[in-house]
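As provided, coords_18.csv (CSV, C-alpha atoms) reads as follows.
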chain,number,residue,atom,x,y,z
L,826,MET,CA,8.3,-2.2,-45.7
L,827,SER,CA,6.7,-3.6,-48.9
L,828,THR,CA,6.6,-7.2,-49.9
L,829,ALA,CA,9.0,-6.7,-52.8
L,830,SER,CA,11.6,-5.0,-50.6
L,831,ALA,CA,11.3,-7.7,-47.9
L,832,ARG,CA,11.8,-10.4,-50.5
L,833,ALA,CA,14.9,-8.6,-52.0
L,834,LYS,CA,17.1,-9.1,-48.9
L,835,PRO,CA,20.7,-9.6,-50.0
L,836,TYR,CA,21.5,-12.5,-47.6
L,837,TYR,CA,20.6,-16.1,-47.3
L,838,PHE,CA,18.7,-16.8,-44.1
L,839,VAL,CA,20.4,-19.4,-41.9
L,840,PRO,CA,18.2,-20.3,-38.9
L,841,GLN,CA,19.5,-20.7,-35.4
L,842,PRO,CA,20.3,-24.3,-34.2
L,843,SER,CA,17.2,-26.1,-33.3
L,844,HIS,CA,16.3,-28.5,-30.5
L,845,TRP,CA,13.6,-30.2,-32.4
L,846,PRO,CA,15.7,-32.9,-34.0
L,847,ILE,CA,16.8,-34.1,-30.6
L,848,VAL,CA,13.2,-34.1,-29.4
L,849,GLY,CA,12.2,-36.2,-32.5
L,850,SER,CA,15.1,-38.6,-31.9
L,851,CYS,CA,14.0,-39.1,-28.3
L,852,ALA,CA,10.4,-39.6,-29.4
L,853,LEU,CA,11.5,-42.3,-31.9
L,854,LEU,CA,13.7,-43.9,-29.2
L,855,LEU,CA,10.7,-44.0,-26.9
L,856,MET,CA,8.5,-45.5,-29.6
L,857,GLY,CA,11.1,-48.2,-30.4
L,858,THR,CA,11.7,-49.1,-26.8
L,859,GLY,CA,8.0,-49.2,-26.1
L,860,ALA,CA,7.4,-51.4,-29.1
L,861,ALA,CA,10.1,-53.8,-27.9
L,862,PHE,CA,8.6,-53.9,-24.5
L,863,TRP,CA,5.1,-54.4,-25.9
L,864,PHE,CA,6.2,-57.3,-28.2
L,865,ASN,CA,7.9,-59.0,-25.2
L,866,GLY,CA,4.8,-58.7,-23.0
L,867,PHE,CA,5.8,-55.9,-20.6
L,868,PRO,CA,2.7,-54.1,-19.5
L,869,ALA,CA,4.3,-50.6,-19.8
L,870,GLY,CA,5.0,-51.1,-23.5
L,871,PRO,CA,1.9,-49.6,-25.0
L,872,TRP,CA,2.2,-46.6,-22.6
L,873,ILE,CA,5.8,-46.0,-23.7
L,874,VAL,CA,4.8,-46.1,-27.3
L,875,ALA,CA,1.9,-43.7,-26.7
L,876,ALA,CA,4.3,-41.3,-24.8
L,877,GLY,CA,6.8,-41.5,-27.8
L,878,PHE,CA,4.0,-40.8,-30.2
L,879,CYS,CA,2.9,-37.7,-28.1
L,880,PHE,CA,6.5,-36.4,-28.1
L,881,LEU,CA,6.6,-37.0,-31.9
L,882,LEU,CA,3.4,-34.9,-32.3
L,883,VAL,CA,4.8,-32.1,-30.1
L,884,MET,CA,8.0,-32.2,-32.2
L,885,LEU,CA,6.1,-32.0,-35.5
L,886,PHE,CA,3.9,-29.1,-34.4
L,887,GLY,CA,6.8,-27.3,-32.8
L,888,TRP,CA,9.2,-27.7,-35.8
L,889,PHE,CA,6.6,-26.8,-38.4
L,890,GLY,CA,5.5,-23.9,-36.2
L,891,THR,CA,9.0,-22.6,-36.1
L,892,VAL,CA,9.4,-22.8,-39.9
L,893,ILE,CA,6.0,-21.1,-40.4
L,894,ARG,CA,6.9,-18.3,-38.0
L,895,GLU,CA,10.2,-17.7,-39.8
L,896,SER,CA,8.3,-17.5,-43.1
L,897,GLU,CA,5.6,-15.2,-41.7
L,898,ARG,CA,8.3,-12.8,-40.4
L,899,ARG,CA,9.6,-12.8,-44.0
L,900,LEU,CA,13.0,-14.1,-43.1
L,901,TYR,CA,13.1,-16.2,-46.3
L,902,ASN,CA,14.0,-14.4,-49.5
L,903,ASN,CA,13.9,-15.5,-53.1
L,904,LYS,CA,17.2,-17.4,-52.8
L,905,VAL,CA,15.8,-19.4,-49.9
L,906,ASP,CA,12.5,-20.1,-51.7
L,907,GLU,CA,14.3,-21.3,-54.7
L,908,SER,CA,16.6,-23.5,-52.5
L,909,PHE,CA,13.5,-25.0,-50.9
L,910,ARG,CA,12.0,-25.8,-54.3
L,911,TRP,CA,15.2,-27.3,-55.7
L,912,SER,CA,15.8,-29.4,-52.7
L,913,MET,CA,12.3,-30.9,-52.8
L,914,GLY,CA,12.7,-31.6,-56.5
L,915,TRP,CA,16.0,-33.4,-55.9
L,916,PHE,CA,14.5,-35.3,-53.0
L,917,ILE,CA,11.6,-36.5,-55.1
L,918,PHE,CA,14.1,-37.4,-58.0
L,919,SER,CA,16.3,-39.4,-55.5
L,920,GLU,CA,13.3,-41.3,-54.2
L,921,VAL,CA,12.2,-42.2,-57.8
L,922,MET,CA,15.7,-43.4,-58.6
L,923,PHE,CA,15.9,-45.4,-55.4
L,924,PHE,CA,12.7,-47.2,-56.1
L,925,ALA,CA,13.6,-47.7,-59.8
L,926,ALA,CA,16.8,-49.3,-58.7
L,927,PHE,CA,15.1,-51.4,-56.1
L,928,PHE,CA,12.4,-52.8,-58.4
L,929,GLY,CA,15.0,-53.2,-61.2
L,930,ALA,CA,17.1,-55.3,-58.9
L,931,LEU,CA,14.0,-57.3,-57.9
L,932,PHE,CA,13.1,-57.9,-61.5
L,933,TYR,CA,16.7,-59.0,-62.3
L,934,VAL,CA,16.8,-61.4,-59.4
L,935,ARG,CA,13.4,-63.0,-60.1
L,936,ASN,CA,13.5,-63.1,-63.9
L,937,VAL,CA,17.1,-63.3,-65.0
L,938,SER,CA,19.5,-64.6,-62.3
L,939,VAL,CA,17.4,-67.4,-60.7
L,940,PRO,CA,16.3,-69.1,-63.9
L,941,ASP,CA,19.9,-68.9,-65.2
L,942,LEU,CA,21.1,-70.6,-62.0
L,943,GLY,CA,18.7,-73.4,-62.6
L,944,SER,CA,19.5,-73.9,-66.2
L,945,ALA,CA,23.3,-73.8,-65.7
L,946,LEU,CA,23.3,-76.9,-63.5
L,947,THR,CA,20.5,-79.0,-64.9
L,948,GLY,CA,19.7,-77.7,-68.3
L,949,ARG,CA,16.2,-76.6,-67.2
L,950,VAL,CA,14.6,-74.0,-65.1
L,951,LEU,CA,14.2,-74.5,-61.3
L,952,TRP,CA,10.4,-74.2,-61.5
L,953,PRO,CA,8.9,-75.6,-64.7
Would you kindly transcribe this structure into structure tokens?
Amino acid sequence: MSTASARAKPYYFVPQPSHWPIVGSCALLLMGTGAAFWFNGFPAGPWIVAAGFCFLLVMLFGWFGTVIRESERRLYNNKVDESFRWSMGWFIFSEVMFFAAFFGALFYVRNVSVPDLGSALTGRVLWP
């Protein structure tokens, strides 16, 4: 089977349900619990954080390995490839918009609203 015919499959590949998100959630739960124990002086805290971090590494290598194996078996066609690219573009766009809104709100609070609050009551700014 040639590469062109493999990429021209007429369907959109939908992978089987994965157990990796549950493993990642358990890893983050372990890390959070271990950090809470560590901050409160329990001697097992650092070990629980380390165990959670190890589970997180296993999850990352396993999940990325699954995606790489699916790609190597040529299960992704042009539609899937285009979908991956569009979704990454929209993700980056949403992150840019989030930080623009965040820093815009910070600018508004620090430069517009706080000096206006001071000048409305006393006729001068709060911090001359």
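The spacing separating atom CA of L:Val874 from atom CA of L:Thr858 amounts to 7.5 Å.
If you count only C-alpha atoms and draw a sphere of 9 Å around (21.1, -15.8, -45.3), the protein and nucleic acid residues inside it come out as Lys834, Pro835, Tyr836, Tyr837, Phe838, Val839, Pro840, Leu900, Tyr901, Asn902, Lys904 and Val905 of chain L.
Atom pair atom CA of L:Ser919 / atom CA of L:Asn903: separated by 24.1 Å.
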Pick out the residues sitting within 9 Å of L:Gly849, and hand them over as a JSON list (two decimals) with C-alpha atoms, in the frame of the given file; count only C-alpha atoms, and ignore anything fewer than 4 positions along from it in its own chain.
[["chain", "number", "residue", "atom", "x", "y", "z"],
["L", 844, "HIS", "CA", 16.30, -28.50, -30.50],
["L", 845, "TRP", "CA", 13.60, -30.20, -32.40],
["L", 853, "LEU", "CA", 11.50, -42.30, -31.90],
["L", 854, "LEU", "CA", 13.70, -43.90, -29.20],
["L", 877, "GLY", "CA", 6.80, -41.50, -27.80],
["L", 880, "PHE", "CA", 6.50, -36.40, -28.10],
["L", 881, "LEU", "CA", 6.60, -37.00, -31.90],
["L", 882, "LEU", "CA", 3.40, -34.90, -32.30],
["L", 883, "VAL", "CA", 4.80, -32.10, -30.10],
["L", 884, "MET", "CA", 8.00, -32.20, -32.20],
["L", 885, "LEU", "CA", 6.10, -32.00, -35.50]]
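Taking all atoms listed in the file into account, the protein, DNA and RNA residues within 12 Å of (5.8, -45.4, -18.4) read L:Leu855, L:Met856, L:Thr858, L:Gly859, L:Phe862, L:Trp863, L:Phe867, L:Pro868, L:Ala869, L:Gly870, L:Pro871, L:Trp872, L:Ile873, L:Val874, L:Ala875, L:Ala876, L:Gly877.
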Take the residues that were just selected and, keeping C-alpha atoms, output them as a PDB file, keeping the file's coordinate frame.
ATOM      1  CA  LEU L 855      10.700 -44.000 -26.900  1.00  0.00           C
ATOM      2  CA  MET L 856       8.500 -45.500 -29.600  1.00  0.00           C
ATOM      3  CA  THR L 858      11.700 -49.100 -26.800  1.00  0.00           C
ATOM      4  CA  GLY L 859       8.000 -49.200 -26.100  1.00  0.00           C
ATOM      5  CA  PHE L 862       8.600 -53.900 -24.500  1.00  0.00           C
ATOM      6  CA  TRP L 863       5.100 -54.400 -25.900  1.00  0.00           C
ATOM      7  CA  PHE L 867       5.800 -55.900 -20.600  1.00  0.00           C
ATOM      8  CA  PRO L 868       2.700 -54.100 -19.500  1.00  0.00           C
ATOM      9  CA  ALA L 869       4.300 -50.600 -19.800  1.00  0.00           C
ATOM     10  CA  GLY L 870       5.000 -51.100 -23.500  1.00  0.00           C
ATOM     11  CA  PRO L 871       1.900 -49.600 -25.000  1.00  0.00           C
ATOM     12  CA  TRP L 872       2.200 -46.600 -22.600  1.00  0.00           C
ATOM     13  CA  ILE L 873       5.800 -46.000 -23.700  1.00  0.00           C
ATOM     14  CA  VAL L 874       4.800 -46.100 -27.300  1.00  0.00           C
ATOM     15  CA  ALA L 875       1.900 -43.700 -26.700  1.00  0.00           C
ATOM     16  CA  ALA L 876       4.300 -41.300 -24.800  1.00  0.00           C
ATOM     17  CA  GLY L 877       6.800 -41.500 -27.800  1.00  0.00           C
TER      18      GLY L 877
END
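Picture a line from atom CA of L:Phe878 to atom CA of L:Ile893; it runs 22.3 Å.
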